[in-house]
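Engineer: If it helps, the file is called start38.tsv and holds TSV, C-alpha atoms:
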chain	number	residue	atom	x	y	z
A	1	MET	CA	-2.00	73.20	-2.27
A	2	THR	CA	0.23	74.64	-5.00
A	3	LEU	CA	0.88	71.10	-6.26
A	4	TYR	CA	-1.43	69.47	-8.79
A	5	GLN	CA	-2.60	72.85	-10.07
A	6	PRO	CA	-4.61	72.43	-13.30
A	7	SER	CA	-3.82	74.55	-16.32
A	8	LYS	CA	-5.17	74.76	-19.85
A	9	GLU	CA	-2.54	72.33	-21.14
A	10	HIS	CA	-4.29	69.54	-19.23
A	11	LYS	CA	-7.46	70.03	-21.32
A	12	PHE	CA	-9.91	69.73	-18.43
A	13	THR	CA	-13.51	70.55	-19.35
A	14	PHE	CA	-16.87	70.72	-17.62
A	15	GLY	CA	-20.41	71.04	-18.94
A	16	LEU	CA	-22.63	73.99	-18.14
A	17	TRP	CA	-24.99	71.35	-16.76
A	18	THR	CA	-22.38	69.99	-14.33
A	19	VAL	CA	-21.26	72.88	-12.15
A	20	GLY	CA	-24.54	74.59	-13.02
A	21	ASN	CA	-26.55	71.70	-11.54
A	22	VAL	CA	-29.01	73.14	-9.02
A	23	GLY	CA	-29.30	69.98	-6.95
A	24	ARG	CA	-32.79	68.91	-7.94
A	25	ASP	CA	-33.55	65.18	-7.74
A	26	PRO	CA	-36.69	63.00	-8.12
A	27	PHE	CA	-37.49	63.47	-4.43
A	28	GLY	CA	-36.50	67.07	-3.80
A	29	SER	CA	-36.47	70.52	-5.35
A	30	ALA	CA	-33.45	72.65	-6.16
A	31	VAL	CA	-31.05	73.62	-3.36
A	32	ARG	CA	-28.98	76.11	-5.39
A	33	GLU	CA	-30.05	79.07	-7.50
A	34	PRO	CA	-29.27	78.90	-11.24
A	35	ILE	CA	-26.10	80.68	-12.32
A	36	SER	CA	-25.32	82.16	-15.72
A	37	ALA	CA	-23.14	80.63	-18.41
A	38	PRO	CA	-20.66	83.58	-18.35
A	39	HIS	CA	-20.28	83.21	-14.58
A	40	ILE	CA	-19.56	79.48	-14.99
A	41	VAL	CA	-16.96	80.24	-17.64
A	42	GLU	CA	-15.24	82.79	-15.44
A	43	LYS	CA	-15.19	80.55	-12.36
A	44	LEU	CA	-13.91	77.49	-14.24
A	45	ALA	CA	-11.22	79.53	-15.98
A	46	ALA	CA	-10.02	80.82	-12.62
A	47	LEU	CA	-9.72	77.22	-11.41
A	48	GLY	CA	-7.54	76.24	-14.39
A	49	ALA	CA	-10.05	74.54	-16.66
A	50	TRP	CA	-9.49	74.58	-20.42
A	51	GLY	CA	-13.03	74.52	-21.75
A	52	VAL	CA	-16.76	74.29	-21.24
A	53	ASN	CA	-19.39	72.25	-23.08
A	54	PHE	CA	-23.15	72.56	-23.38
A	55	HIS	CA	-26.43	71.06	-24.47
A	56	ASP	CA	-28.35	73.47	-26.68
A	57	ASN	CA	-30.80	74.42	-23.93
A	58	ASP	CA	-28.11	74.74	-21.25
A	59	LEU	CA	-27.05	77.88	-23.09
A	60	ILE	CA	-30.26	79.01	-24.83
A	61	PRO	CA	-33.49	78.28	-22.93
A	62	ALA	CA	-36.13	76.63	-25.09
A	63	ASP	CA	-38.49	79.58	-24.60
A	64	ALA	CA	-35.91	82.31	-25.35
A	65	THR	CA	-36.88	84.87	-27.99
A	66	PRO	CA	-34.51	85.47	-30.92
A	67	GLU	CA	-33.41	88.73	-29.29
A	68	GLN	CA	-32.74	87.00	-25.98
A	69	ALA	CA	-30.82	84.20	-27.71
A	70	LYS	CA	-28.66	86.75	-29.51
A	71	GLN	CA	-27.78	88.51	-26.26
A	72	ILE	CA	-27.04	85.23	-24.45
A	73	LYS	CA	-24.64	84.17	-27.21
A	74	LYS	CA	-22.97	87.58	-27.18
A	75	ASP	CA	-22.42	87.46	-23.41
A	76	PHE	CA	-21.17	83.87	-23.55
A	77	GLN	CA	-18.69	84.66	-26.33
A	78	ALA	CA	-17.46	87.66	-24.39
A	79	ALA	CA	-16.74	85.46	-21.38
A	80	LEU	CA	-14.90	82.95	-23.56
A	81	ASP	CA	-12.82	85.70	-25.15
A	82	ALA	CA	-11.98	87.28	-21.80
A	83	THR	CA	-10.83	84.01	-20.23
A	84	GLY	CA	-9.35	82.12	-23.18
A	85	MET	CA	-11.76	79.25	-22.55
A	86	VAL	CA	-12.88	77.09	-25.48
A	87	VAL	CA	-15.92	74.99	-26.40
A	88	PRO	CA	-14.58	71.62	-27.58
A	89	MET	CA	-17.87	69.69	-27.49
A	90	ALA	CA	-21.59	70.31	-27.87
A	91	THR	CA	-24.66	68.12	-27.62
A	92	THR	CA	-28.46	68.22	-27.77
A	93	ASN	CA	-31.03	67.83	-25.03
A	94	LEU	CA	-33.27	65.13	-26.49
A	95	PHE	CA	-34.46	63.86	-23.11
A	96	GLY	CA	-36.00	66.70	-21.06
A	97	ASP	CA	-39.03	67.71	-23.10
A	98	PRO	CA	-42.08	65.43	-22.58
A	99	VAL	CA	-42.28	65.08	-26.37
A	100	PHE	CA	-39.30	62.68	-26.04
A	101	ARG	CA	-40.86	60.51	-23.34
A	102	ASP	CA	-40.78	57.44	-25.63
A	103	GLY	CA	-37.64	58.24	-27.56
A	104	ALA	CA	-36.24	60.91	-29.87
A	105	PHE	CA	-34.48	59.38	-32.89
A	106	THR	CA	-36.13	56.05	-32.01
A	107	SER	CA	-39.67	57.21	-31.24
A	108	ALA	CA	-42.46	55.26	-32.91
A	109	ASP	CA	-43.96	58.66	-33.82
A	110	ALA	CA	-42.46	59.94	-37.09
A	111	ARG	CA	-43.22	63.52	-36.02
A	112	VAL	CA	-41.04	63.15	-32.93
A	113	ARG	CA	-38.20	61.62	-34.95
A	114	ALA	CA	-38.31	64.50	-37.43
A	115	TYR	CA	-38.41	67.08	-34.63
A	116	ALA	CA	-35.42	65.41	-32.93
A	117	ILE	CA	-33.38	65.70	-36.13
A	118	GLN	CA	-34.49	69.33	-36.58
A	119	LYS	CA	-33.53	70.18	-33.00
A	120	THR	CA	-30.15	68.47	-33.41
A	121	MET	CA	-29.34	70.35	-36.61
A	122	GLN	CA	-30.09	73.62	-34.86
A	123	ALA	CA	-27.95	72.57	-31.89
A	124	MET	CA	-25.12	71.60	-34.24
A	125	ASP	CA	-25.36	75.08	-35.74
A	126	LEU	CA	-25.09	76.56	-32.24
A	127	GLY	CA	-22.11	74.42	-31.29
A	128	ALA	CA	-20.32	75.30	-34.51
A	129	GLU	CA	-20.77	79.01	-33.74
A	130	PHE	CA	-18.51	78.52	-30.73
A	131	GLY	CA	-15.98	76.27	-32.43
A	132	ALA	CA	-17.03	72.85	-31.13
A	133	LYS	CA	-15.48	69.96	-33.08
A	134	THR	CA	-16.92	66.98	-31.18
A	135	TYR	CA	-20.64	66.32	-31.03
A	136	VAL	CA	-21.93	63.85	-28.43
A	137	PHE	CA	-25.13	61.84	-28.71
A	138	TRP	CA	-26.48	60.52	-25.42
A	139	GLY	CA	-29.70	58.66	-26.13
A	140	GLY	CA	-31.21	59.02	-22.69
A	141	ARG	CA	-34.76	58.40	-23.95
A	142	GLU	CA	-33.77	55.98	-26.71
A	143	GLY	CA	-35.00	52.84	-24.99
A	144	ALA	CA	-37.97	51.17	-23.34
A	145	GLU	CA	-39.47	49.97	-20.08
A	146	VAL	CA	-41.55	47.29	-21.81
A	147	ASP	CA	-41.24	45.74	-25.25
A	148	ALA	CA	-44.98	45.77	-25.90
A	149	GLY	CA	-44.50	48.10	-28.87
A	150	ASN	CA	-42.28	45.54	-30.63
A	151	ARG	CA	-40.25	48.43	-32.01
A	152	THR	CA	-36.68	47.37	-31.18
A	153	LEU	CA	-35.59	46.47	-34.72
A	154	ASP	CA	-37.39	49.52	-36.07
A	155	ALA	CA	-35.73	51.69	-33.42
A	156	ILE	CA	-32.26	50.57	-34.42
A	157	SER	CA	-33.12	51.33	-38.05
A	158	TRP	CA	-34.48	54.79	-37.17
A	159	TYR	CA	-31.40	55.49	-35.03
A	160	ARG	CA	-29.20	54.66	-38.04
A	161	GLU	CA	-31.36	56.78	-40.32
A	162	ALA	CA	-31.01	59.81	-38.02
A	163	LEU	CA	-27.25	59.51	-37.67
A	164	ASN	CA	-26.77	58.99	-41.40
A	165	PHE	CA	-28.84	62.14	-42.04
A	166	LEU	CA	-26.86	64.15	-39.49
A	167	CYS	CA	-23.52	62.94	-40.83
A	168	GLU	CA	-24.56	64.24	-44.24
A	169	TYR	CA	-25.69	67.52	-42.68
A	170	ASN	CA	-22.33	67.81	-40.94
A	171	THR	CA	-20.56	67.39	-44.28
A	172	ALA	CA	-22.90	69.73	-46.15
A	173	GLN	CA	-22.38	72.49	-43.59
A	174	GLY	CA	-18.63	71.95	-43.46
A	175	TYR	CA	-18.65	71.73	-39.67
A	176	GLY	CA	-16.04	68.99	-39.41
A	177	TYR	CA	-17.65	67.43	-36.33
A	178	LYS	CA	-16.63	64.05	-35.02
A	179	PHE	CA	-19.72	62.37	-33.60
A	180	ALA	CA	-19.44	60.41	-30.32
A	181	LEU	CA	-22.14	58.01	-29.13
A	182	GLU	CA	-22.45	57.78	-25.36
A	183	PRO	CA	-23.52	54.32	-24.17
A	184	LYS	CA	-25.53	53.74	-21.01
A	185	PRO	CA	-27.32	50.57	-19.85
A	186	ASN	CA	-30.36	52.16	-18.18
A	187	GLU	CA	-31.81	55.28	-16.57
A	188	PRO	CA	-33.87	57.21	-17.23
A	189	ARG	CA	-35.32	54.41	-19.40
A	190	GLY	CA	-35.57	50.89	-18.02
A	191	ASP	CA	-33.30	49.76	-20.87
A	192	ILE	CA	-31.42	52.06	-23.21
A	193	PHE	CA	-30.50	51.09	-26.77
A	194	LEU	CA	-26.74	50.78	-27.38
A	195	PRO	CA	-26.07	50.09	-23.68
A	196	THR	CA	-22.32	49.43	-23.87
A	197	VAL	CA	-19.23	50.51	-25.80
A	198	GLY	CA	-19.24	47.18	-27.64
A	199	ALA	CA	-22.86	47.63	-28.70
A	200	ALA	CA	-22.12	51.15	-29.93
A	201	LEU	CA	-19.06	50.01	-31.90
A	202	GLY	CA	-21.10	47.28	-33.57
A	203	PHE	CA	-23.78	49.80	-34.51
A	204	ILE	CA	-21.25	52.34	-35.83
A	205	ALA	CA	-19.97	49.77	-38.31
A	206	THR	CA	-23.42	49.74	-39.95
A	207	LEU	CA	-23.53	53.50	-40.62
A	208	ASP	CA	-22.93	55.17	-43.97
A	209	HIS	CA	-20.02	57.17	-42.52
A	210	PRO	CA	-18.50	55.05	-39.74
A	211	GLU	CA	-15.28	57.04	-39.96
A	212	MET	CA	-17.15	60.09	-38.66
A	213	VAL	CA	-18.59	58.36	-35.60
A	214	GLY	CA	-16.91	57.11	-32.43
A	215	VAL	CA	-17.81	56.75	-28.77
A	216	ASN	CA	-17.89	58.82	-25.58
A	217	PRO	CA	-17.63	56.27	-22.76
A	218	GLU	CA	-18.59	57.39	-19.26
A	219	PHE	CA	-17.12	56.02	-16.04
A	220	ALA	CA	-20.41	55.99	-14.13
A	221	HIS	CA	-22.41	54.31	-16.88
A	222	ASP	CA	-20.31	51.15	-16.91
A	223	THR	CA	-19.76	51.13	-13.15
A	224	MET	CA	-23.44	51.41	-12.25
A	225	ALA	CA	-24.06	48.19	-14.19
A	226	GLY	CA	-21.16	46.37	-12.55
A	227	LEU	CA	-18.98	46.56	-15.66
A	228	SER	CA	-15.33	47.59	-15.87
A	229	PHE	CA	-14.88	51.10	-17.20
A	230	PRO	CA	-11.16	50.62	-17.93
A	231	HIS	CA	-12.08	47.61	-20.09
A	232	ALA	CA	-14.66	49.65	-22.01
A	233	LEU	CA	-12.18	52.49	-22.40
A	234	ALA	CA	-9.52	50.10	-23.69
A	235	GLN	CA	-11.96	48.68	-26.24
A	236	ALA	CA	-12.68	52.19	-27.54
A	237	ILE	CA	-8.97	53.02	-27.74
A	238	ASP	CA	-8.19	49.73	-29.49
A	239	ALA	CA	-10.87	50.45	-32.10
A	240	GLY	CA	-9.53	53.96	-32.71
A	241	LYS	CA	-12.93	55.28	-31.66
A	242	LEU	CA	-12.27	57.18	-28.44
A	243	PHE	CA	-13.51	60.57	-29.62
A	244	HIS	CA	-14.37	61.93	-26.16
A	245	VAL	CA	-14.51	60.68	-22.57
A	246	ASP	CA	-16.70	61.46	-19.55
A	247	LEU	CA	-14.98	61.20	-16.17
A	248	ASN	CA	-16.85	60.92	-12.89
A	249	ASP	CA	-17.42	58.22	-10.27
A	250	GLN	CA	-20.14	55.89	-9.12
A	251	LYS	CA	-21.14	53.23	-6.63
A	252	MET	CA	-22.04	49.98	-8.38
A	253	GLY	CA	-25.73	49.19	-8.57
A	254	ARG	CA	-26.90	52.70	-7.65
A	255	PHE	CA	-28.74	55.28	-9.72
A	256	ASP	CA	-26.52	57.43	-11.96
A	257	GLN	CA	-24.70	59.38	-9.24
A	258	ASP	CA	-22.16	61.40	-11.29
A	259	LEU	CA	-19.84	61.64	-8.30
A	260	ARG	CA	-16.60	63.64	-8.22
A	261	PHE	CA	-13.93	61.87	-10.27
A	262	GLY	CA	-11.85	59.49	-8.16
A	263	SER	CA	-14.07	59.82	-5.11
A	264	GLU	CA	-15.16	56.18	-4.92
A	265	ASN	CA	-13.17	53.72	-7.08
A	266	TYR	CA	-9.50	54.65	-6.78
A	267	LYS	CA	-8.07	51.68	-8.67
A	268	SER	CA	-10.47	52.03	-11.58
A	269	ALA	CA	-9.78	55.76	-11.68
A	270	PHE	CA	-6.03	55.05	-11.68
A	271	TYR	CA	-6.30	52.60	-14.57
A	272	THR	CA	-8.54	55.07	-16.42
A	273	VAL	CA	-5.91	57.80	-16.16
A	274	LYS	CA	-3.18	55.30	-17.06
A	275	LEU	CA	-5.00	54.26	-20.23
A	276	LEU	CA	-5.59	57.85	-21.30
A	277	GLU	CA	-2.03	58.95	-20.60
A	278	ASP	CA	-0.19	55.86	-21.86
A	279	SER	CA	-2.24	55.67	-25.06
A	280	GLY	CA	-1.48	59.28	-25.97
A	281	TYR	CA	-5.15	60.37	-25.95
A	282	GLN	CA	-5.18	64.01	-27.10
A	283	GLY	CA	-8.81	64.93	-26.44
A	284	PRO	CA	-10.48	66.71	-23.53
A	285	ARG	CA	-10.66	65.21	-20.06
A	286	HIS	CA	-14.33	66.03	-19.54
A	287	PHE	CA	-15.86	65.84	-16.07
A	288	ASP	CA	-19.51	64.89	-16.53
A	289	ALA	CA	-20.30	65.02	-12.85
A	290	HIS	CA	-21.90	67.33	-10.33
A	291	ALA	CA	-21.46	68.36	-6.71
A	292	LEU	CA	-23.43	66.63	-3.97
A	293	ARG	CA	-26.87	68.03	-3.26
A	294	THR	CA	-25.62	68.88	0.22
A	295	GLU	CA	-23.44	71.70	-1.16
A	296	ASP	CA	-23.76	75.42	-1.75
A	297	TYR	CA	-21.73	77.04	-4.55
A	298	ASP	CA	-18.58	77.10	-2.44
A	299	GLY	CA	-18.90	73.33	-2.39
A	300	VAL	CA	-19.53	73.25	-6.14
A	301	TRP	CA	-16.22	74.95	-6.86
A	302	GLU	CA	-14.46	72.63	-4.40
A	303	PHE	CA	-16.01	69.75	-6.35
A	304	ALA	CA	-14.68	71.12	-9.64
A	305	LYS	CA	-11.19	71.64	-8.18
A	306	GLY	CA	-11.30	68.13	-6.74
A	307	CYS	CA	-12.04	66.49	-10.08
A	308	MET	CA	-9.02	68.13	-11.72
A	309	ARG	CA	-6.71	67.74	-8.74
A	310	THR	CA	-7.45	64.02	-8.41
A	311	TYR	CA	-6.76	63.47	-12.10
A	312	LEU	CA	-3.37	65.18	-11.75
A	313	ILE	CA	-2.53	63.20	-8.59
A	314	LEU	CA	-3.35	59.96	-10.41
A	315	LYS	CA	-1.36	61.12	-13.43
A	316	GLU	CA	1.66	61.47	-11.14
A	317	LYS	CA	0.94	58.00	-9.72
A	318	VAL	CA	0.90	56.62	-13.27
A	319	ALA	CA	4.34	58.09	-13.93
A	320	GLN	CA	5.59	56.62	-10.65
A	321	TYR	CA	4.13	53.21	-11.51
A	322	ASN	CA	5.70	53.27	-14.97
A	323	ALA	CA	9.11	54.15	-13.53
A	324	ASP	CA	9.08	51.76	-10.56
A	325	PRO	CA	11.77	49.10	-11.23
A	326	GLU	CA	10.18	46.43	-9.05
A	327	ILE	CA	6.80	46.85	-10.74
A	328	GLN	CA	8.36	46.83	-14.20
A	329	ALA	CA	10.39	43.71	-13.34
A	330	ALA	CA	7.23	41.96	-12.13
A	331	LEU	CA	5.40	42.96	-15.33
A	332	ALA	CA	8.32	41.72	-17.45
A	333	GLU	CA	8.01	38.34	-15.78
A	334	TYR	CA	4.23	38.32	-16.22
A	335	TYR	CA	4.51	39.00	-19.96
A	336	VAL	CA	6.16	35.78	-21.16
A	337	ARG	CA	7.62	36.50	-24.57
A	338	ASP	CA	8.63	34.03	-27.26
A	339	GLU	CA	9.66	35.62	-30.54
A	340	THR	CA	9.47	32.34	-32.46
A	341	LEU	CA	5.92	31.56	-31.38
A	342	SER	CA	4.82	35.18	-31.84
A	343	GLY	CA	6.19	35.07	-35.36
A	344	LEU	CA	4.05	32.01	-36.08
A	345	THR	CA	0.79	33.39	-34.64
A	346	GLN	CA	0.90	37.01	-35.80
A	347	LYS	CA	-0.06	36.20	-39.37
A	348	PHE	CA	-1.49	33.06	-40.93
A	349	SER	CA	0.30	31.13	-43.61
A	350	PRO	CA	0.08	27.40	-44.37
A	351	GLU	CA	3.71	27.10	-43.30
A	352	ASN	CA	3.14	28.90	-40.00
A	353	ALA	CA	0.06	26.80	-39.33
A	354	GLN	CA	1.94	23.56	-39.93
A	355	GLN	CA	4.90	24.62	-37.82
A	356	LEU	CA	2.56	25.61	-35.01
A	357	LYS	CA	0.78	22.25	-35.22
A	358	ASP	CA	4.17	20.52	-34.96
A	359	THR	CA	5.26	22.54	-31.90
A	360	SER	CA	5.51	20.74	-28.56
A	361	PHE	CA	4.54	22.73	-25.45
A	362	ASP	CA	5.75	22.12	-21.90
A	363	LEU	CA	2.23	22.18	-20.51
A	364	ASP	CA	3.27	20.79	-17.12
A	365	GLY	CA	5.75	23.64	-16.75
A	366	ILE	CA	3.17	26.24	-17.82
A	367	ARG	CA	0.54	24.78	-15.48
A	368	SER	CA	2.83	24.74	-12.46
A	369	LYS	CA	3.99	28.37	-12.59
A	370	GLY	CA	1.90	31.10	-10.96
A	371	ARG	CA	1.29	34.37	-12.73
A	372	GLY	CA	2.45	36.80	-10.05
A	373	LEU	CA	-0.62	39.00	-10.15
A	374	GLU	CA	-0.96	39.16	-6.37
A	375	LYS	CA	2.41	40.89	-6.17
A	376	ILE	CA	1.68	43.29	-9.04
A	377	ASP	CA	-1.70	44.20	-7.58
A	378	GLN	CA	-0.21	44.81	-4.12
A	379	LEU	CA	2.54	46.98	-5.58
A	380	THR	CA	-0.12	48.97	-7.42
A	381	ALA	CA	-2.03	49.42	-4.17
A	382	GLU	CA	1.15	50.64	-2.49
A	383	VAL	CA	1.65	53.24	-5.22
A	384	LEU	CA	-1.90	54.47	-4.67
A	385	LEU	CA	-1.51	54.44	-0.90
A	386	GLY	CA	1.64	56.53	-1.16
A	387	VAL	CA	4.13	54.15	0.46
A	388	ARG	CA	6.24	53.15	-2.57
A	389	GLY	CA	9.67	54.77	-2.61
A	390	LYS	CA	9.60	55.61	1.10
Could you quickly redo this structure as structure tokens?

Structural biologist:
Amino acid sequence: MTLYQPSKEHKFTFGLWTVGNVGRDPFGSAVREPISAPHIVEKLAALGAWGVNFHDNDLIPADATPEQAKQIKKDFQAALDATGMVVPMATTNLFGDPVFRDGAFTSADARVRAYAIQKTMQAMDLGAEFGAKTYVFWGGREGAEVDAGNRTLDAISWYREALNFLCEYNTAQGYGYKFALEPKPNEPRGDIFLPTVGAALGFIATLDHPEMVGVNPEFAHDTMAGLSFPHALAQAIDAGKLFHVDLNDQKMGRFDQDLRFGSENYKSAFYTVKLLEDSGYQGPRHFDAHALRTEDYDGVWEFAKGCMRTYLILKEKVAQYNADPEIQAALAEYYVRDETLSGLTQKFSPENAQQLKDTSFDLDGIRSKGRGLEKIDQLTAEVLLGVRGK
């Protein structure tokens, strides 16, 4: 049990809402008592976590008086100082209050849109107090069950308007936030605007400050819709827009389960860790998940340890995979390289185009040769099953 021990260098983070989840669901009441933010900080620090994140109302209840808010912030900062924990990311709860039942930034009610921007500015102020440098936007209520309101084009425009406003506020305040949009296909709305990483990237390109805005892909959100999270993650990395990442697990086709990272889809979790490690991602490894409703707080802390431990186990598997000579030989054969042809296709010129048109290809030879993916996939499985090198 001394192996795979997390430490602050691994940059593992949790939200107050994750380990602080009381186990309430649509069909049952809470099974755990609420615990305080300082207690969460202390417990996570003892487990080896690096940081903790929060929605505005995770830390400061909506009905807190100014005096209560001041004391809560003082106690939270004291816990951070005592443990060396940091707050890398903050976000806003724009989904819990009934006022947001038909959207926040995309509501057809101008009063709601204005209130959502006001609430976000205040939450940005709060995050900045604790040093947060990434600000995540999950539009949980930005969507629809029916399109009877015919507001979709308007909603996209209002979404853009809100983010443009908040980018300017970020600059005016000198906060230096990087904004990260968190895509999700559905739930709690029937359909959520910007449902995928690709949709979010397309939208970001239309903003006034696209350089300030990236994405925060989540494992469960792609998996629940039957999509490939490693593919979404790779798209974000390729675009230079992976500003944050949410790690958890999920059974395809279910409600948003937020399971312990690596508990369900081992291969996808492995390729997720491989992408993060091989690409040199420097940001937090954030576990946006929660313990099963069956658990007491002993189980919650086992859940938190499990998320970090599994990541470190898979990180070791990635290193083993990358160093395995048989796997690397199989990959070298899979990647057929031709410097001459690559030189022609990497950049257009009339000369390159003509030379390419004049090139003869041995199509029969290409057609007849298998790709070797069965072997590579089996070798990968053997790494994960722990039998390679034995």

Engineer: Using CA of Tyr135 in chain A and CA of Leu166 in chain A as the two end points, give the distance in Å to one decimal.

Structural biologist: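 Rounded to one decimal, the two atoms are 10.7 Å apart.
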
Engineer: Which residue, A:Val19, A:Ala90, A:Leu194, A:Ile156, has the smallest gap to Gly299 in chain A when you use only C-alpha atoms?

Structural biologist: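 Of A:Val19, A:Ala90, A:Leu194, A:Ile156, the one nearest Gly299 in chain A is A:Val19, counting only C-alpha atoms.
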
Engineer: Could you tell me how far CA of Ala144 in chain A sits from CA of Gly103 in chain A, in Å to one decimal place?

Structural biologist: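 Atom-to-atom, CA of Gly103 in chain A and CA of Ala144 in chain A are spaced 8.2 Å apart.
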
Engineer: Separation of CA of Phe100 in chain A and CA of Arg141 in chain A, in Å?

Structural biologist: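 These two atoms are separated by 6.6 Å.
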
Engineer: Using all atoms listed in the file, which protein or nucleic acid residues come within 6 Å of range 174-188 of chain A? Drop anything in the same chain fewer than 3 positions from it, and give the result as an NGL selection string.

Structural biologist: :A and (133-138 or 170-171 or 191-192 or 194-197 or 212-217 or 221 or 243)

Engineer: Given the choices A:Lys267, A:Lys8, A:Lys241, A:Lys74, which gets closest to Leu385 in chain A if the distance is worked out from only C-alpha atoms?

Structural biologist: A:Lys267

Engineer: Taking 6 positions as the minimum chain separation for residues in the same chain, which residues sit within 12 Å of Tyr297 in chain A when counting only C-alpha atoms? Answer as a PyMOL selection string.

Structural biologist: chain A and resi 19-23+31-35+39-40+43+290-291+303-304

Engineer: Around (-12.2, 78.3, -28.0), as given in the file, which residues come within 8 Å? Count only C-alpha atoms and list them as a PyMOL selection string.

Structural biologist: chain A and resi 51+80-81+84-88+130-132

Engineer: Fewer than 3 positions away in the same chain doesn't count, so skip those; otherwise give me all residues within 12 Å of Leu247 in chain A, counting only C-alpha atoms, as a PyMOL selection string.

Structural biologist: chain A and resi 12-15+18+216-223+229-230+233+244+250+258-263+265+268-270+272-273+276+284-290+304+307-308+310-311

Engineer: Using all atoms listed in the file and a cutoff of 9 Å, can you tell me which residues are near (-31.8, 62.7, -27.5) in the file's coordinates, and write them out as a list in words?

Structural biologist: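 Result, sorted by chain then residue number: Thr91, Thr92, Asn93, Leu94, Phe95, Gly96, Phe100, Gly103, Ala104, Phe105, Ala116, Thr120, Phe137, Trp138, Gly139, Gly140, Arg141 and Glu142 of chain A.
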
Engineer: Which of these residues is nearest to Tyr321 in chain A, using all atoms listed in the file: A:Thr340, A:Thr380, A:Thr345, A:Thr106?

Structural biologist: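 Closest residue, counting all atoms listed in the file: A:Thr380.
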
Engineer: Please list as a VMD selection string every residue within 12 Å of Gln355 in chain A, counting all atoms listed in the file and excluding residues in the same chain fewer than 3 positions away.

Structural biologist: chain A and resid 340 to 341 343 to 345 348 to 352 358 to 360

Engineer: Based on the selection just made, write C-alpha atoms of those residues as a JSON list (two decimals), in the coordinates of the input.

Structural biologist:
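This is the output file selection28.json:
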[["chain", "number", "residue", "atom", "x", "y", "z"],
["A", 340, "THR", "CA", 9.47, 32.34, -32.46],
["A", 341, "LEU", "CA", 5.92, 31.56, -31.38],
["A", 343, "GLY", "CA", 6.19, 35.07, -35.36],
["A", 344, "LEU", "CA", 4.05, 32.01, -36.08],
["A", 345, "THR", "CA", 0.79, 33.39, -34.64],
["A", 348, "PHE", "CA", -1.49, 33.06, -40.93],
["A", 349, "SER", "CA", 0.30, 31.13, -43.61],
["A", 350, "PRO", "CA", 0.08, 27.40, -44.37],
["A", 351, "GLU", "CA", 3.71, 27.10, -43.30],
["A", 352, "ASN", "CA", 3.14, 28.90, -40.00],
["A", 358, "ASP", "CA", 4.17, 20.52, -34.96],
["A", 359, "THR", "CA", 5.26, 22.54, -31.90],
["A", 360, "SER", "CA", 5.51, 20.74, -28.56]]

Engineer: Tell me which of A:Pro66, A:Trp301, A:Glu161, A:Arg388 sits closest to Ala45 in chain A, counting only C-alpha atoms.

Structural biologist: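 Ranking A:Pro66, A:Trp301, A:Glu161, A:Arg388 by distance to Ala45 in chain A, first place goes to A:Trp301.
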
Engineer: Using only C-alpha atoms, which of A:Arg254, A:Ala108, A:Ala172, A:Lys305 sits nearest Ser157 in chain A?

Structural biologist: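 Under the stated criterion, the closest residue is A:Ala108.
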